[in-house]
file work01.pdb (PDB, C-alpha atoms)
ATOM      1  CA  MET A  25     103.794 106.346  85.426  1.00  0.00           C
ATOM      2  CA  LYS A  26     104.381 104.460  82.243  1.00  0.00           C
ATOM      3  CA  SER A  27     105.846 106.794  79.644  1.00  0.00           C
ATOM      4  CA  GLU A  28     109.557 107.381  79.184  1.00  0.00           C
ATOM      5  CA  LYS A  29     108.818 111.127  79.150  1.00  0.00           C
ATOM      6  CA  ASP A  30     107.363 110.960  82.689  1.00  0.00           C
ATOM      7  CA  PHE A  31     110.312 108.906  83.968  1.00  0.00           C
ATOM      8  CA  GLN A  32     112.818 111.337  82.446  1.00  0.00           C
ATOM      9  CA  ARG A  33     111.013 114.367  83.902  1.00  0.00           C
ATOM     10  CA  VAL A  34     111.316 112.930  87.414  1.00  0.00           C
ATOM     11  CA  PHE A  35     114.959 111.874  86.834  1.00  0.00           C
ATOM     12  CA  SER A  36     116.050 115.264  85.533  1.00  0.00           C
ATOM     13  CA  ALA A  37     114.044 117.615  87.763  1.00  0.00           C
ATOM     14  CA  GLY A  38     113.489 115.415  90.801  1.00  0.00           C
ATOM     15  CA  HIS A  39     115.309 114.988  94.083  1.00  0.00           C
ATOM     16  CA  SER A  40     116.729 111.586  95.068  1.00  0.00           C
ATOM     17  CA  VAL A  41     117.240 109.716  98.330  1.00  0.00           C
ATOM     18  CA  ALA A  42     118.599 106.198  98.763  1.00  0.00           C
ATOM     19  CA  ASN A  43     119.210 103.421 101.221  1.00  0.00           C
ATOM     20  CA  ARG A  44     120.964 100.106 100.685  1.00  0.00           C
ATOM     21  CA  TYR A  45     118.214  98.519  98.569  1.00  0.00           C
ATOM     22  CA  PHE A  46     116.196 101.329  96.952  1.00  0.00           C
ATOM     23  CA  VAL A  47     116.550 104.783  95.403  1.00  0.00           C
ATOM     24  CA  ILE A  48     113.593 107.174  95.412  1.00  0.00           C
ATOM     25  CA  TYR A  49     113.363 110.048  92.933  1.00  0.00           C
ATOM     26  CA  GLN A  50     110.550 112.478  93.717  1.00  0.00           C
ATOM     27  CA  LEU A  51     108.973 115.431  91.963  1.00  0.00           C
ATOM     28  CA  ALA A  52     106.159 117.588  93.351  1.00  0.00           C
ATOM     29  CA  ARG A  53     103.131 117.915  91.055  1.00  0.00           C
ATOM     30  CA  PRO A  54     100.776 120.560  92.503  1.00  0.00           C
ATOM     31  CA  GLY A  55      97.154 120.072  91.558  1.00  0.00           C
ATOM     32  CA  GLN A  56      97.487 116.334  90.970  1.00  0.00           C
ATOM     33  CA  LYS A  57      94.684 114.319  92.598  1.00  0.00           C
ATOM     34  CA  HIS A  58      96.749 111.190  93.353  1.00  0.00           C
ATOM     35  CA  PHE A  59     100.397 110.220  93.431  1.00  0.00           C
ATOM     36  CA  ARG A  60     101.968 108.428  90.480  1.00  0.00           C
ATOM     37  CA  VAL A  61     104.770 105.929  90.850  1.00  0.00           C
ATOM     38  CA  GLY A  62     107.217 104.285  88.465  1.00  0.00           C
ATOM     39  CA  ILE A  63     109.136 101.131  89.351  1.00  0.00           C
ATOM     40  CA  SER A  64     112.447 100.116  87.825  1.00  0.00           C
ATOM     41  CA  VAL A  65     114.208  96.818  88.474  1.00  0.00           C
ATOM     42  CA  GLY A  66     117.248  96.257  86.253  1.00  0.00           C
ATOM     43  CA  LYS A  67     118.962  93.046  85.218  1.00  0.00           C
ATOM     44  CA  LYS A  68     121.776  93.658  87.704  1.00  0.00           C
ATOM     45  CA  VAL A  69     119.194  93.324  90.475  1.00  0.00           C
ATOM     46  CA  GLY A  70     117.539  90.141  89.245  1.00  0.00           C
ATOM     47  CA  HIS A  71     119.033  87.946  86.573  1.00  0.00           C
ATOM     48  CA  THR A  72     115.698  86.427  85.598  1.00  0.00           C
ATOM     49  CA  ALA A  73     112.431  88.057  84.611  1.00  0.00           C
ATOM     50  CA  VAL A  74     110.694  85.974  87.276  1.00  0.00           C
ATOM     51  CA  LEU A  75     112.842  87.506  90.041  1.00  0.00           C
ATOM     52  CA  ARG A  76     112.531  91.057  88.668  1.00  0.00           C
ATOM     53  CA  ASN A  77     108.738  90.710  88.475  1.00  0.00           C
ATOM     54  CA  GLN A  78     108.614  89.343  92.025  1.00  0.00           C
ATOM     55  CA  ILE A  79     110.545  92.383  93.281  1.00  0.00           C
ATOM     56  CA  LYS A  80     108.120  94.686  91.424  1.00  0.00           C
ATOM     57  CA  ARG A  81     105.134  92.858  92.966  1.00  0.00           C
ATOM     58  CA  TYR A  82     106.601  93.278  96.452  1.00  0.00           C
ATOM     59  CA  ILE A  83     107.162  97.002  95.824  1.00  0.00           C
ATOM     60  CA  ARG A  84     103.649  97.485  94.416  1.00  0.00           C
ATOM     61  CA  GLN A  85     102.046  95.641  97.333  1.00  0.00           C
ATOM     62  CA  SER A  86     104.054  97.650  99.863  1.00  0.00           C
ATOM     63  CA  LEU A  87     103.033 100.921  98.212  1.00  0.00           C
ATOM     64  CA  HIS A  88      99.424  99.738  98.102  1.00  0.00           C
ATOM     65  CA  GLU A  89      99.513  99.140 101.860  1.00  0.00           C
ATOM     66  CA  LEU A  90     101.057 102.610 102.406  1.00  0.00           C
ATOM     67  CA  HIS A  91      98.717 104.332  99.937  1.00  0.00           C
ATOM     68  CA  ASP A  92      96.834 106.461 102.485  1.00  0.00           C
ATOM     69  CA  GLU A  93     100.062 107.736 104.063  1.00  0.00           C
ATOM     70  CA  LEU A  94     101.738 108.922 100.842  1.00  0.00           C
ATOM     71  CA  PRO A  95     101.358 112.503  99.567  1.00  0.00           C
ATOM     72  CA  ARG A  96      98.885 112.873  96.687  1.00  0.00           C
ATOM     73  CA  GLN A  97     100.561 115.642  94.701  1.00  0.00           C
ATOM     74  CA  MET A  98     103.764 113.765  93.937  1.00  0.00           C
ATOM     75  CA  ASP A  99     105.392 111.693  91.200  1.00  0.00           C
ATOM     76  CA  PHE A 100     108.077 109.322  92.363  1.00  0.00           C
ATOM     77  CA  LEU A 101     110.247 106.530  91.059  1.00  0.00           C
ATOM     78  CA  VAL A 102     111.334 103.492  93.044  1.00  0.00           C
ATOM     79  CA  ILE A 103     114.541 101.990  91.697  1.00  0.00           C
ATOM     80  CA  ALA A 104     115.658  98.671  93.131  1.00  0.00           C
ATOM     81  CA  ARG A 105     119.367  98.286  93.841  1.00  0.00           C
ATOM     82  CA  LYS A 106     121.497  95.185  93.720  1.00  0.00           C
ATOM     83  CA  GLY A 107     120.608  93.021  96.699  1.00  0.00           C
ATOM     84  CA  ALA A 108     116.889  93.830  96.648  1.00  0.00           C
ATOM     85  CA  GLY A 109     116.306  90.416  95.099  1.00  0.00           C
ATOM     86  CA  SER A 110     117.262  88.745  98.377  1.00  0.00           C
ATOM     87  CA  LEU A 111     114.495  90.506 100.340  1.00  0.00           C
ATOM     88  CA  ASP A 112     111.202  88.870 101.268  1.00  0.00           C
ATOM     89  CA  MET A 113     107.930  90.824 101.323  1.00  0.00           C
ATOM     90  CA  ALA A 114     108.304  92.044 104.936  1.00  0.00           C
ATOM     91  CA  ALA A 115     111.906  93.181 104.411  1.00  0.00           C
ATOM     92  CA  THR A 116     110.968  94.914 101.155  1.00  0.00           C
ATOM     93  CA  LYS A 117     108.209  96.868 102.895  1.00  0.00           C
ATOM     94  CA  SER A 118     110.470  97.724 105.841  1.00  0.00           C
ATOM     95  CA  ASN A 119     113.210  99.037 103.541  1.00  0.00           C
ATOM     96  CA  LEU A 120     110.700 100.990 101.450  1.00  0.00           C
ATOM     97  CA  ILE A 121     109.290 102.591 104.604  1.00  0.00           C
ATOM     98  CA  HIS A 122     112.851 103.528 105.588  1.00  0.00           C
ATOM     99  CA  VAL A 123     113.723 105.169 102.252  1.00  0.00           C
ATOM    100  CA  LEU A 124     110.313 106.857 101.936  1.00  0.00           C
ATOM    101  CA  THR A 125     110.819 108.298 105.427  1.00  0.00           C
ATOM    102  CA  LEU A 126     114.280 109.558 104.429  1.00  0.00           C
ATOM    103  CA  ALA A 127     112.670 111.168 101.366  1.00  0.00           C
ATOM    104  CA  ARG A 128     110.070 112.764 103.679  1.00  0.00           C
ATOM    105  CA  LEU A 129     107.253 111.100 101.762  1.00  0.00           C
ATOM    106  CA  LEU A 130     106.186 109.263 104.927  1.00  0.00           C
ATOM    107  CA  ALA A 131     106.093 110.491 108.505  1.00  0.00           C
ATOM    108  CA  ALA A 132     108.580 108.637 110.706  1.00  0.00           C
ATOM    109  CA  PRO A 133     106.759 105.904 112.629  1.00  0.00           C
ATOM    110  CA  ALA A 134     107.036 106.524 116.374  1.00  0.00           C
ATOM    111  CA  HIS A 135     107.665 102.864 117.195  1.00  0.00           C
ATOM    112  CA  SER A 136     109.989 101.878 114.317  1.00  0.00           C
ATOM    113  CA  ASN A 137     113.259 102.232 116.252  1.00  0.00           C
ATOM    114  CA  GLN A 138     112.018 100.001 119.062  1.00  0.00           C
ATOM    115  CA  GLU A 139     110.889  97.279 116.638  1.00  0.00           C
ATOM    116  CA  GLU A 140     114.226  97.198 114.800  1.00  0.00           C
ATOM    117  CA  ARG A 141     116.181  96.889 118.054  1.00  0.00           C
ATOM    118  CA  GLY A 142     113.896  94.300 119.619  1.00  0.00           C
TER     119      GLY A 142
END
call {"tool": "encode", "arguments": {"input": "work01.pdb", "output": "structure tokens"}}
result
Amino acid sequence: MKSEKDFQRVFSAGHSVANRYFVIYQLARPGQKHFRVGISVGKKVGHTAVLRNQIKRYIRQSLHELHDELPRQMDFLVIARKGAGSLDMAATKSNLIHVLTLARLLAAPAHSNQEERG
């Protein structure tokens, strides 16, 4: 999603779920052939454009890797929270999986609890 109109539609009519590093707003779009995603990383999250762009790249790559597991008929926004700038790629993906699972956009991985404990 790129237009302000699309972002505002998801903000106003969508449902949100959050964890420590990300907020997900979601809106069902029946009949849509593929999901659409918007990414927002504010200046409070990363003080420099370089850091904000790095966070967006990590989010995009994580979503690319999860592409086949995400529902097609959905618009959603990923908003990075303060602290997301300290995450590396693996931690970004792990936290995105967590918040997407909370939002019921991903099925809970059967082995995730064992990996986090071990």
call {"tool": "resolve_selection", "arguments": {"input": "work01.pdb", "expression": "the PyMOL selection byres ((chain A and resi 28-32) around 9)", "output": "JSON, numbers by chain"}}
result
{"A": [25, 26, 27, 33, 34, 35, 36, 37, 62, 99, 100, 101]}
call {"tool": "atom_distance", "arguments": {"input": "work01.pdb", "atom1": "CA of Gly66 in chain A", "atom2": "CA of Arg105 in chain A"}}
result
8.1 Å
call {"tool": "residues_around", "arguments": {"input": "work01.pdb", "residues": "Phe59 in chain A", "least_positions_apart": "3", "cutoff": "10 Å", "atoms": "only C-alpha atoms", "output": "mmCIF file with C-alpha atoms, in the coordinates of the input"}}
result
data_model
loop_
_atom_site.group_PDB
_atom_site.id
_atom_site.type_symbol
_atom_site.label_atom_id
_atom_site.label_comp_id
_atom_site.auth_asym_id
_atom_site.auth_seq_id
_atom_site.Cartn_x
_atom_site.Cartn_y
_atom_site.Cartn_z
ATOM 1 C CA MET A 25 103.794 106.346 85.426
ATOM 2 C CA ALA A 52 106.159 117.588 93.351
ATOM 3 C CA ARG A 53 103.131 117.915 91.055
ATOM 4 C CA GLN A 56 97.487 116.334 90.970
ATOM 5 C CA HIS A 91 98.717 104.332 99.937
ATOM 6 C CA LEU A 94 101.738 108.922 100.842
ATOM 7 C CA PRO A 95 101.358 112.503 99.567
ATOM 8 C CA ARG A 96 98.885 112.873 96.687
ATOM 9 C CA GLN A 97 100.561 115.642 94.701
ATOM 10 C CA MET A 98 103.764 113.765 93.937
ATOM 11 C CA ASP A 99 105.392 111.693 91.200
ATOM 12 C CA PHE A 100 108.077 109.322 92.363
#
call {"tool": "atom_distance", "arguments": {"input": "work01.pdb", "atom1": "CA of Asn43 in chain A", "atom2": "CA of Lys57 in chain A"}}
result
28.2 Å
call {"tool": "residues_around", "arguments": {"input": "work01.pdb", "residues": "range 78-82 of chain A", "least_positions_apart": "4", "cutoff": "7 Å", "atoms": "all atoms listed in the file", "output": "PyMOL selection string"}}
result
chain A and resi 63+74+86+109+113+116
call {"tool": "atom_distance", "arguments": {"input": "work01.pdb", "atom1": "CA of Lys68 in chain A", "atom2": "CA of Ala42 in chain A"}}
result
17.0 Å
call {"tool": "closest_residue", "arguments": {"input": "work01.pdb", "among": "A:Arg60, A:Arg84, A:Gly107, A:His39", "to": "Leu120 in chain A", "atoms": "all atoms listed in the file"}}
result
A:Arg84
call {"tool": "residues_around", "arguments": {"input": "work01.pdb", "residues": "Val47 in chain A", "least_positions_apart": "4", "cutoff": "6 Å", "atoms": "only C-alpha atoms", "output": "CSV table (one decimal) with C-alpha atoms, in the coordinates of the input"}}
result
chain,number,residue,atom,x,y,z
A,41,VAL,CA,117.2,109.7,98.3
A,42,ALA,CA,118.6,106.2,98.8
A,102,VAL,CA,111.3,103.5,93.0
A,103,ILE,CA,114.5,102.0,91.7
call {"tool": "closest_residue", "arguments": {"input": "work01.pdb", "among": "A:Arg76, A:His122, A:His71, A:His58", "to": "Ala104 in chain A", "atoms": "all atoms listed in the file"}}
result
A:Arg76
call {"tool": "residues_around", "arguments": {"input": "work01.pdb", "residues": "Leu129 in chain A", "least_positions_apart": "2", "cutoff": "9 Å", "atoms": "all atoms listed in the file", "output": "ChimeraX atom specification"}}
result
/A:50,93-95,98,123-127,131
call {"tool": "axis_aligned_box", "arguments": {"input": "work01.pdb", "around": "range 71-88 of chain A", "padding_each_side": "4 Å", "output": "JSON"}}
result
{"center_x": 109.2, "center_y": 93.4, "center_z": 92.2, "size_x": 27.6, "size_y": 22.9, "size_z": 23.3}
call {"tool": "closest_residue", "arguments": {"input": "work01.pdb", "among": "A:Phe46, A:Lys117, A:Arg128, A:Leu75", "to": "His88 in chain A", "atoms": "only C-alpha atoms"}}
result
A:Lys117
call {"tool": "decode", "arguments": {"input": "work01.pdb", "residues": "range 115-131 of chain A", "atoms": "C-alpha atoms", "output": "compact mmCIF listing (two decimals), in the first residue's frame"}}
result
# COMPACT_ATOMS: atom_id res chain seq x y z
CA ALA A 115 15.10 -10.82 15.95
CA THR A 116 12.99 -8.67 13.63
CA LYS A 117 11.58 -11.76 11.91
CA SER A 118 10.98 -13.51 15.24
CA ASN A 119 9.09 -10.52 16.64
CA LEU A 120 7.08 -10.13 13.43
CA ILE A 121 6.11 -13.81 13.57
CA HIS A 122 5.01 -13.28 17.18
CA VAL A 123 2.81 -10.25 16.44
CA LEU A 124 1.42 -11.77 13.22
CA THR A 125 0.48 -14.88 15.22
CA LEU A 126 -1.23 -12.70 17.85
CA ALA A 127 -3.13 -11.00 15.01
CA ARG A 128 -4.11 -14.46 13.70
CA LEU A 129 -2.50 -13.71 10.35
CA LEU A 130 -0.11 -16.64 10.84
CA ALA A 131 -0.77 -20.05 12.35
